[in-house]
Each structure stands twice: as structure tokens, then as C-alpha cells.
>>> print(open('final.txt').read())   # compact mmCIF, N, CA and C atoms
# COMPACT_ATOMS: atom_id res chain seq x y z
N MET A 18 182.89 98.24 55.42
CA MET A 18 183.71 99.32 55.92
C MET A 18 183.00 99.96 57.09
N PRO A 19 183.66 100.07 58.25
CA PRO A 19 183.02 100.65 59.42
C PRO A 19 182.78 102.15 59.24
N ALA A 20 181.82 102.63 59.99
CA ALA A 20 181.49 104.05 59.94
C ALA A 20 182.65 104.87 60.51
N PRO A 21 182.86 106.09 60.01
CA PRO A 21 183.94 106.91 60.55
C PRO A 21 183.64 107.29 62.00
N ARG A 22 184.67 107.38 62.79
CA ARG A 22 184.51 107.71 64.20
C ARG A 22 184.35 109.22 64.38
N LYS A 23 183.45 109.58 65.29
CA LYS A 23 183.22 110.99 65.55
C LYS A 23 184.39 111.60 66.33
N TYR A 24 184.93 110.81 67.24
CA TYR A 24 186.06 111.26 68.06
C TYR A 24 187.29 110.45 67.71
N PRO A 25 188.44 111.09 67.59
CA PRO A 25 189.67 110.35 67.28
C PRO A 25 190.01 109.34 68.38
N LEU A 26 190.67 108.27 68.00
CA LEU A 26 191.05 107.22 68.94
C LEU A 26 191.98 107.76 70.02
N GLU A 27 192.85 108.67 69.64
CA GLU A 27 193.79 109.26 70.60
C GLU A 27 193.04 110.04 71.69
N LEU A 28 192.01 110.79 71.30
CA LEU A 28 191.21 111.54 72.27
C LEU A 28 190.49 110.58 73.20
N ARG A 29 189.97 109.52 72.67
CA ARG A 29 189.28 108.52 73.47
C ARG A 29 190.21 107.92 74.52
N GLU A 30 191.40 107.49 74.08
CA GLU A 30 192.34 106.88 75.01
C GLU A 30 192.79 107.86 76.08
N ARG A 31 193.03 109.10 75.67
CA ARG A 31 193.48 110.11 76.62
C ARG A 31 192.40 110.41 77.66
N ALA A 32 191.15 110.52 77.22
CA ALA A 32 190.05 110.81 78.13
C ALA A 32 189.86 109.68 79.13
N VAL A 33 189.91 108.45 78.67
CA VAL A 33 189.76 107.31 79.58
C VAL A 33 190.92 107.26 80.57
N ARG A 34 192.13 107.48 80.07
CA ARG A 34 193.30 107.48 80.96
C ARG A 34 193.19 108.59 82.01
N MET A 35 192.74 109.77 81.59
CA MET A 35 192.57 110.89 82.54
C MET A 35 191.57 110.52 83.62
N TYR A 36 190.46 109.92 83.25
CA TYR A 36 189.44 109.55 84.22
C TYR A 36 189.97 108.49 85.18
N ARG A 37 190.61 107.46 84.64
CA ARG A 37 191.05 106.34 85.48
C ARG A 37 192.18 106.72 86.43
N THR A 38 193.00 107.71 86.07
CA THR A 38 194.11 108.10 86.94
C THR A 38 193.73 109.21 87.92
N ALA A 39 192.58 109.84 87.72
CA ALA A 39 192.17 110.96 88.59
C ALA A 39 191.71 110.44 89.94
N GLU A 40 192.08 111.17 90.98
CA GLU A 40 191.63 110.88 92.34
C GLU A 40 191.23 112.19 92.98
N PRO A 41 190.07 112.33 93.48
CA PRO A 41 188.91 111.45 93.38
C PRO A 41 188.36 111.45 91.96
N LYS A 42 187.54 110.46 91.67
CA LYS A 42 186.99 110.32 90.32
C LYS A 42 186.13 111.54 89.99
N PRO A 43 186.37 112.17 88.84
CA PRO A 43 185.58 113.33 88.46
C PRO A 43 184.17 112.92 87.98
N VAL A 44 183.29 113.88 87.95
CA VAL A 44 181.95 113.64 87.41
C VAL A 44 182.10 113.52 85.90
N ILE A 45 181.60 112.44 85.36
CA ILE A 45 181.80 112.15 83.93
C ILE A 45 181.19 113.25 83.06
N ARG A 46 180.00 113.73 83.43
CA ARG A 46 179.34 114.75 82.62
C ARG A 46 180.19 116.03 82.55
N ARG A 47 180.75 116.43 83.66
CA ARG A 47 181.56 117.65 83.70
C ARG A 47 182.86 117.46 82.92
N MET A 48 183.49 116.31 83.11
CA MET A 48 184.74 116.02 82.41
C MET A 48 184.51 115.99 80.90
N ALA A 49 183.40 115.40 80.47
CA ALA A 49 183.08 115.33 79.05
C ALA A 49 182.86 116.72 78.47
N GLU A 50 182.19 117.57 79.20
CA GLU A 50 181.98 118.95 78.75
C GLU A 50 183.31 119.68 78.58
N GLU A 51 184.21 119.46 79.51
CA GLU A 51 185.53 120.12 79.44
C GLU A 51 186.33 119.63 78.23
N LEU A 52 186.17 118.36 77.89
CA LEU A 52 186.91 117.79 76.75
C LEU A 52 186.17 117.98 75.43
N GLY A 53 184.95 118.47 75.48
CA GLY A 53 184.20 118.74 74.26
C GLY A 53 183.61 117.51 73.60
N MET A 54 183.09 116.60 74.41
CA MET A 54 182.48 115.38 73.89
C MET A 54 181.19 115.10 74.62
N HIS A 55 180.42 114.19 74.10
CA HIS A 55 179.17 113.82 74.74
C HIS A 55 179.48 112.94 75.95
N HIS A 56 178.74 113.19 77.04
CA HIS A 56 179.03 112.46 78.28
C HIS A 56 178.76 110.96 78.16
N GLU A 57 177.77 110.56 77.38
CA GLU A 57 177.50 109.12 77.23
C GLU A 57 178.61 108.42 76.46
N ALA A 58 179.21 109.12 75.51
CA ALA A 58 180.34 108.53 74.78
C ALA A 58 181.48 108.25 75.77
N LEU A 59 181.79 109.23 76.60
CA LEU A 59 182.86 109.05 77.59
C LEU A 59 182.50 107.94 78.57
N ARG A 60 181.25 107.92 79.01
CA ARG A 60 180.82 106.89 79.97
C ARG A 60 180.98 105.48 79.34
N ASN A 61 180.59 105.33 78.08
CA ASN A 61 180.73 104.03 77.42
C ASN A 61 182.19 103.64 77.26
N TRP A 62 183.05 104.60 76.92
CA TRP A 62 184.48 104.29 76.78
C TRP A 62 185.06 103.83 78.10
N ILE A 63 184.66 104.49 79.19
CA ILE A 63 185.17 104.13 80.52
C ILE A 63 184.69 102.73 80.89
N ARG A 64 183.42 102.45 80.66
CA ARG A 64 182.88 101.12 80.97
C ARG A 64 183.61 100.04 80.17
N GLN A 65 183.89 100.31 78.89
CA GLN A 65 184.59 99.32 78.07
C GLN A 65 186.02 99.12 78.56
N ALA A 66 186.68 100.21 78.97
CA ALA A 66 188.04 100.10 79.51
C ALA A 66 188.04 99.29 80.80
N GLU A 67 187.03 99.47 81.63
CA GLU A 67 186.92 98.69 82.86
C GLU A 67 186.70 97.21 82.54
N ALA A 68 185.88 96.93 81.53
CA ALA A 68 185.65 95.53 81.14
C ALA A 68 186.94 94.91 80.61
N ASP A 69 187.68 95.67 79.80
CA ASP A 69 188.95 95.16 79.25
C ASP A 69 189.96 94.91 80.36
N ALA A 70 189.89 95.69 81.43
CA ALA A 70 190.82 95.52 82.55
C ALA A 70 190.37 94.42 83.51
N GLY A 71 189.19 93.85 83.26
CA GLY A 71 188.70 92.78 84.13
C GLY A 71 187.99 93.29 85.36
N GLU A 72 187.63 94.56 85.38
CA GLU A 72 186.97 95.15 86.54
C GLU A 72 185.46 95.03 86.46
N ARG A 73 184.94 94.68 85.31
CA ARG A 73 183.49 94.54 85.12
C ARG A 73 183.21 93.15 84.59
N GLY A 74 182.24 92.50 85.18
CA GLY A 74 181.87 91.17 84.71
C GLY A 74 180.61 91.18 83.86
N ASP A 75 179.96 92.33 83.77
CA ASP A 75 178.68 92.40 83.06
C ASP A 75 178.82 92.79 81.59
N MET A 76 180.04 92.99 81.11
CA MET A 76 180.26 93.38 79.72
C MET A 76 181.32 92.48 79.10
N LEU A 77 181.25 92.36 77.76
CA LEU A 77 182.29 91.63 77.04
C LEU A 77 183.51 92.52 76.87
N THR A 78 184.68 91.91 76.89
CA THR A 78 185.89 92.67 76.61
C THR A 78 185.96 92.93 75.11
N THR A 79 186.86 93.80 74.71
CA THR A 79 187.02 94.11 73.29
C THR A 79 187.42 92.86 72.51
N ALA A 80 188.30 92.06 73.07
CA ALA A 80 188.74 90.82 72.41
C ALA A 80 187.57 89.85 72.26
N GLU A 81 186.73 89.75 73.30
CA GLU A 81 185.57 88.87 73.23
C GLU A 81 184.57 89.36 72.19
N ARG A 82 184.40 90.68 72.10
CA ARG A 82 183.49 91.24 71.08
C ARG A 82 184.00 90.92 69.68
N GLU A 83 185.30 91.07 69.46
CA GLU A 83 185.88 90.77 68.15
C GLU A 83 185.72 89.29 67.81
N GLU A 84 185.97 88.42 68.81
CA GLU A 84 185.83 86.99 68.59
C GLU A 84 184.37 86.64 68.28
N LEU A 85 183.44 87.25 69.01
CA LEU A 85 182.02 86.99 68.78
C LEU A 85 181.62 87.43 67.37
N ALA A 86 182.10 88.58 66.93
CA ALA A 86 181.78 89.05 65.58
C ALA A 86 182.35 88.10 64.53
N ALA A 87 183.58 87.63 64.75
CA ALA A 87 184.19 86.69 63.80
C ALA A 87 183.43 85.36 63.77
N LEU A 88 183.00 84.88 64.93
CA LEU A 88 182.25 83.62 64.99
C LEU A 88 180.88 83.76 64.33
N ARG A 89 180.24 84.91 64.51
CA ARG A 89 178.95 85.13 63.86
C ARG A 89 179.10 85.18 62.35
N LYS A 90 180.17 85.80 61.89
CA LYS A 90 180.43 85.86 60.45
C LYS A 90 180.68 84.46 59.90
N GLU A 91 181.50 83.68 60.60
CA GLU A 91 181.79 82.31 60.17
C GLU A 91 180.52 81.46 60.18
N ASN A 92 179.69 81.64 61.20
CA ASN A 92 178.43 80.90 61.30
C ASN A 92 177.53 81.21 60.11
N ALA A 93 177.45 82.48 59.73
CA ALA A 93 176.64 82.87 58.58
C ALA A 93 177.17 82.24 57.30
N GLN A 94 178.49 82.21 57.14
CA GLN A 94 179.09 81.59 55.95
C GLN A 94 178.79 80.09 55.92
N LEU A 95 178.89 79.44 57.06
CA LEU A 95 178.61 78.00 57.12
C LEU A 95 177.14 77.70 56.82
N LYS A 96 176.25 78.56 57.29
CA LYS A 96 174.83 78.38 56.99
C LYS A 96 174.58 78.51 55.49
N ARG A 97 175.23 79.50 54.86
CA ARG A 97 175.09 79.65 53.40
C ARG A 97 175.63 78.42 52.67
N ALA A 98 176.78 77.92 53.12
CA ALA A 98 177.38 76.74 52.49
C ALA A 98 176.47 75.52 52.66
N ASN A 99 175.90 75.36 53.85
CA ASN A 99 174.98 74.23 54.08
C ASN A 99 173.75 74.33 53.19
N GLU A 100 173.24 75.54 52.99
CA GLU A 100 172.08 75.72 52.13
C GLU A 100 172.41 75.34 50.69
N VAL A 101 173.60 75.73 50.23
CA VAL A 101 174.03 75.36 48.87
C VAL A 101 174.15 73.85 48.76
N LEU A 102 174.77 73.23 49.75
CA LEU A 102 174.93 71.77 49.72
C LEU A 102 173.58 71.05 49.79
N ARG A 103 172.68 71.57 50.58
CA ARG A 103 171.35 70.97 50.70
C ARG A 103 170.61 71.06 49.35
N THR A 104 170.71 72.21 48.71
CA THR A 104 170.06 72.39 47.41
C THR A 104 170.69 71.47 46.36
N ALA A 105 172.01 71.39 46.35
CA ALA A 105 172.70 70.52 45.39
C ALA A 105 172.35 69.06 45.64
N SER A 106 172.28 68.68 46.89
CA SER A 106 171.93 67.30 47.23
C SER A 106 170.53 66.96 46.74
N ALA A 107 169.59 67.86 46.93
CA ALA A 107 168.22 67.63 46.47
C ALA A 107 168.19 67.53 44.94
N PHE A 108 168.94 68.38 44.28
CA PHE A 108 168.99 68.35 42.81
C PHE A 108 169.52 67.02 42.30
N PHE A 109 170.66 66.58 42.84
CA PHE A 109 171.26 65.34 42.38
C PHE A 109 170.42 64.13 42.77
N ALA A 110 169.74 64.18 43.91
CA ALA A 110 168.86 63.08 44.29
C ALA A 110 167.69 62.98 43.32
N ALA A 111 167.16 64.13 42.90
CA ALA A 111 166.06 64.11 41.92
C ALA A 111 166.55 63.55 40.59
N GLN A 112 167.76 63.91 40.20
CA GLN A 112 168.31 63.38 38.95
C GLN A 112 168.50 61.87 39.04
N LEU A 113 168.98 61.40 40.17
CA LEU A 113 169.20 59.97 40.37
C LEU A 113 167.88 59.21 40.35
N CYS A 114 166.85 59.76 41.00
CA CYS A 114 165.54 59.11 41.01
C CYS A 114 164.98 59.02 39.59
N ALA A 115 165.12 60.10 38.82
CA ALA A 115 164.62 60.09 37.44
C ALA A 115 165.34 59.02 36.63
N THR A 116 166.64 58.91 36.80
CA THR A 116 167.42 57.90 36.08
C THR A 116 166.98 56.50 36.49
N ARG A 117 166.78 56.28 37.77
CA ARG A 117 166.35 54.96 38.26
C ARG A 117 164.96 54.62 37.73
N ARG A 118 164.07 55.61 37.68
CA ARG A 118 162.73 55.36 37.16
C ARG A 118 162.79 54.91 35.70
N ASP A 119 163.65 55.60 34.93
CA ASP A 119 163.79 55.23 33.52
C ASP A 119 164.34 53.81 33.38
N VAL A 120 165.33 53.46 34.19
CA VAL A 120 165.92 52.12 34.15
C VAL A 120 164.89 51.09 34.57
N ASP A 121 164.12 51.39 35.64
CA ASP A 121 163.10 50.46 36.11
C ASP A 121 162.03 50.22 35.05
N ARG A 122 161.63 51.26 34.35
CA ARG A 122 160.63 51.11 33.29
C ARG A 122 161.14 50.18 32.19
N GLU A 123 162.40 50.37 31.83
CA GLU A 123 162.98 49.51 30.78
C GLU A 123 163.05 48.06 31.24
N VAL A 124 163.36 47.84 32.51
CA VAL A 124 163.42 46.47 33.04
C VAL A 124 162.03 45.85 33.01
N VAL A 125 161.02 46.60 33.44
CA VAL A 125 159.65 46.09 33.45
C VAL A 125 159.20 45.79 32.02
N LYS A 126 159.50 46.67 31.09
CA LYS A 126 159.13 46.45 29.69
C LYS A 126 159.82 45.19 29.16
N GLY A 127 161.08 45.00 29.50
CA GLY A 127 161.83 43.82 29.07
C GLY A 127 161.21 42.55 29.61
N HIS A 128 160.83 42.56 30.91
CA HIS A 128 160.19 41.39 31.52
C HIS A 128 158.84 41.12 30.85
N PHE A 129 158.12 42.19 30.56
CA PHE A 129 156.81 42.04 29.91
C PHE A 129 156.97 41.43 28.53
N ARG A 130 157.96 41.92 27.78
CA ARG A 130 158.20 41.39 26.43
C ARG A 130 158.57 39.90 26.49
N GLN A 131 159.38 39.54 27.49
CA GLN A 131 159.78 38.14 27.64
C GLN A 131 158.57 37.28 28.00
N ALA A 132 157.72 37.82 28.86
CA ALA A 132 156.52 37.07 29.27
C ALA A 132 155.57 36.90 28.10
N VAL A 133 155.42 37.93 27.28
CA VAL A 133 154.53 37.86 26.11
C VAL A 133 155.12 36.89 25.08
N ALA A 134 156.43 36.94 24.90
CA ALA A 134 157.07 36.05 23.91
C ALA A 134 156.99 34.61 24.38
N ALA A 135 157.07 34.36 25.68
CA ALA A 135 157.02 33.00 26.22
C ALA A 135 155.60 32.45 26.16
N ALA A 136 154.63 33.30 26.14
CA ALA A 136 153.23 32.83 26.16
C ALA A 136 152.76 32.46 24.83
>>> encode(input="final.txt", output="C-alpha cells")
Amino acid sequence: MPAPRKYPLELRERAVRMYRTAEPKPVIRRMAEELGMHHEALRNWIRQAEADAGERGDMLTTAEREELAALRKENAQLKRANEVLRTASAFFAAQLCATRRDVDREVVKGHFRQAVAAA
């Protein structure tokens, strides 16, 4: 469960929209003070909105972040599944080797008995 947001989503969207439609662009620190929020929060929201709009190439878009999180989660699940399969494979291989050893011993004993009886 994600942590609760300090600022409502509606306030975030409204603040970003106000900044992006303003001409000339206001000072982020002053605008944040007027809206009653931390200036770095507003700055991050604006940067993310610019990335989502394709105006920034140095950040992932929201969709890319979501996809990356989903891929990381899937990767972790696959690693866990591979570990389980690797452990099960080792277990069954050990069981098979033990069974083969027992069969081989019986074959050797049988050959030995035949050789002793023939002699």
C-alpha cells in the first residue's frame, strides 16, 4: 500500500496547470509559498509534467515509470521461481543419483555372486 500523499492530487494538477499556463513563468518558490506547499514538491511536479508532455528527455514519463516498476516486480517473481526450480532440480537429481547408486550396487553384487558361483 503506497504512503498517503501530503498534497491532494487535485491541488497538484491545479498548481502544475497554473504554472504551465502562466506567462511569464512565475518563480516556483514564490508560487509554492502562495499555494501553501513546499517549493521542491512543486518543482518536481512541474518537471514530471514536462517529461510526460515530451518536453524533457532526461526523465522517465509516468507511464515509463509504471512499466519499469511492473517489470522489476515481474523480474523479482521470475528470480524467485527460478530459485525454487533450481532447488527442486537439485533435490530430484540427488534422489535419482541415490537410486542409481543403489541399483548399481545390486548389479555389482549380482555379477560378483555369479562370478563366485561360476568359480
>>> axis_aligned_box(input="final.txt", around="stretch 49-64 of chain A", padding_each_side="3 Å", output="lines of an AutoDock Vina configuration file")
center_x = 182.2
center_y = 110.1
center_z = 77.3
size_x = 15.4
size_y = 26.1
size_z = 13.4
>>> atom_distance(input="final.txt", atom1="atom CA of A:Arg73", atom2="atom CA of A:Arg34")
16.8 Å
>>> select_by_dssp(input="final.txt", residues="chain A", states="alpha helix (DSSP H)", output="MDAnalysis selection string")
chainID A and resid 26:38 45:52 56:69 79:135
>>> atom_distance(input="final.txt", atom1="atom CA of A:Val44", atom2="atom C of A:Glu67")
17.8 Å
>>> closest_residue(input="final.txt", among="A:Lys90, A:Gln65, A:Gln131, A:Glu57", to="A:Thr78", atoms="all atoms listed in the file")
A:Gln65
>>> residues_around(input="final.txt", residues="A:Lys23", least_positions_apart="4", cutoff="12 Å", atoms="only C-alpha atoms", output="list in words")
Glu27, Leu28, Arg29, Gly53, Met54, His55 and Ala58 of chain A
>>> atom_distance(input="final.txt", atom1="atom N of A:Gly74", atom2="atom C of A:Ala32")
19.7 Å
>>> closest_residue(input="final.txt", among="A:Ile45, A:Ala87, A:Met35, A:Met18", to="A:Arg60", atoms="only N, CA and C atoms")
A:Ile45
>>> residues_around(input="final.txt", residues="A:Thr79", least_positions_apart="3", cutoff="7 Å", atoms="only C-alpha atoms", output="PyMOL selection string")
chain A and resi 69+82-83
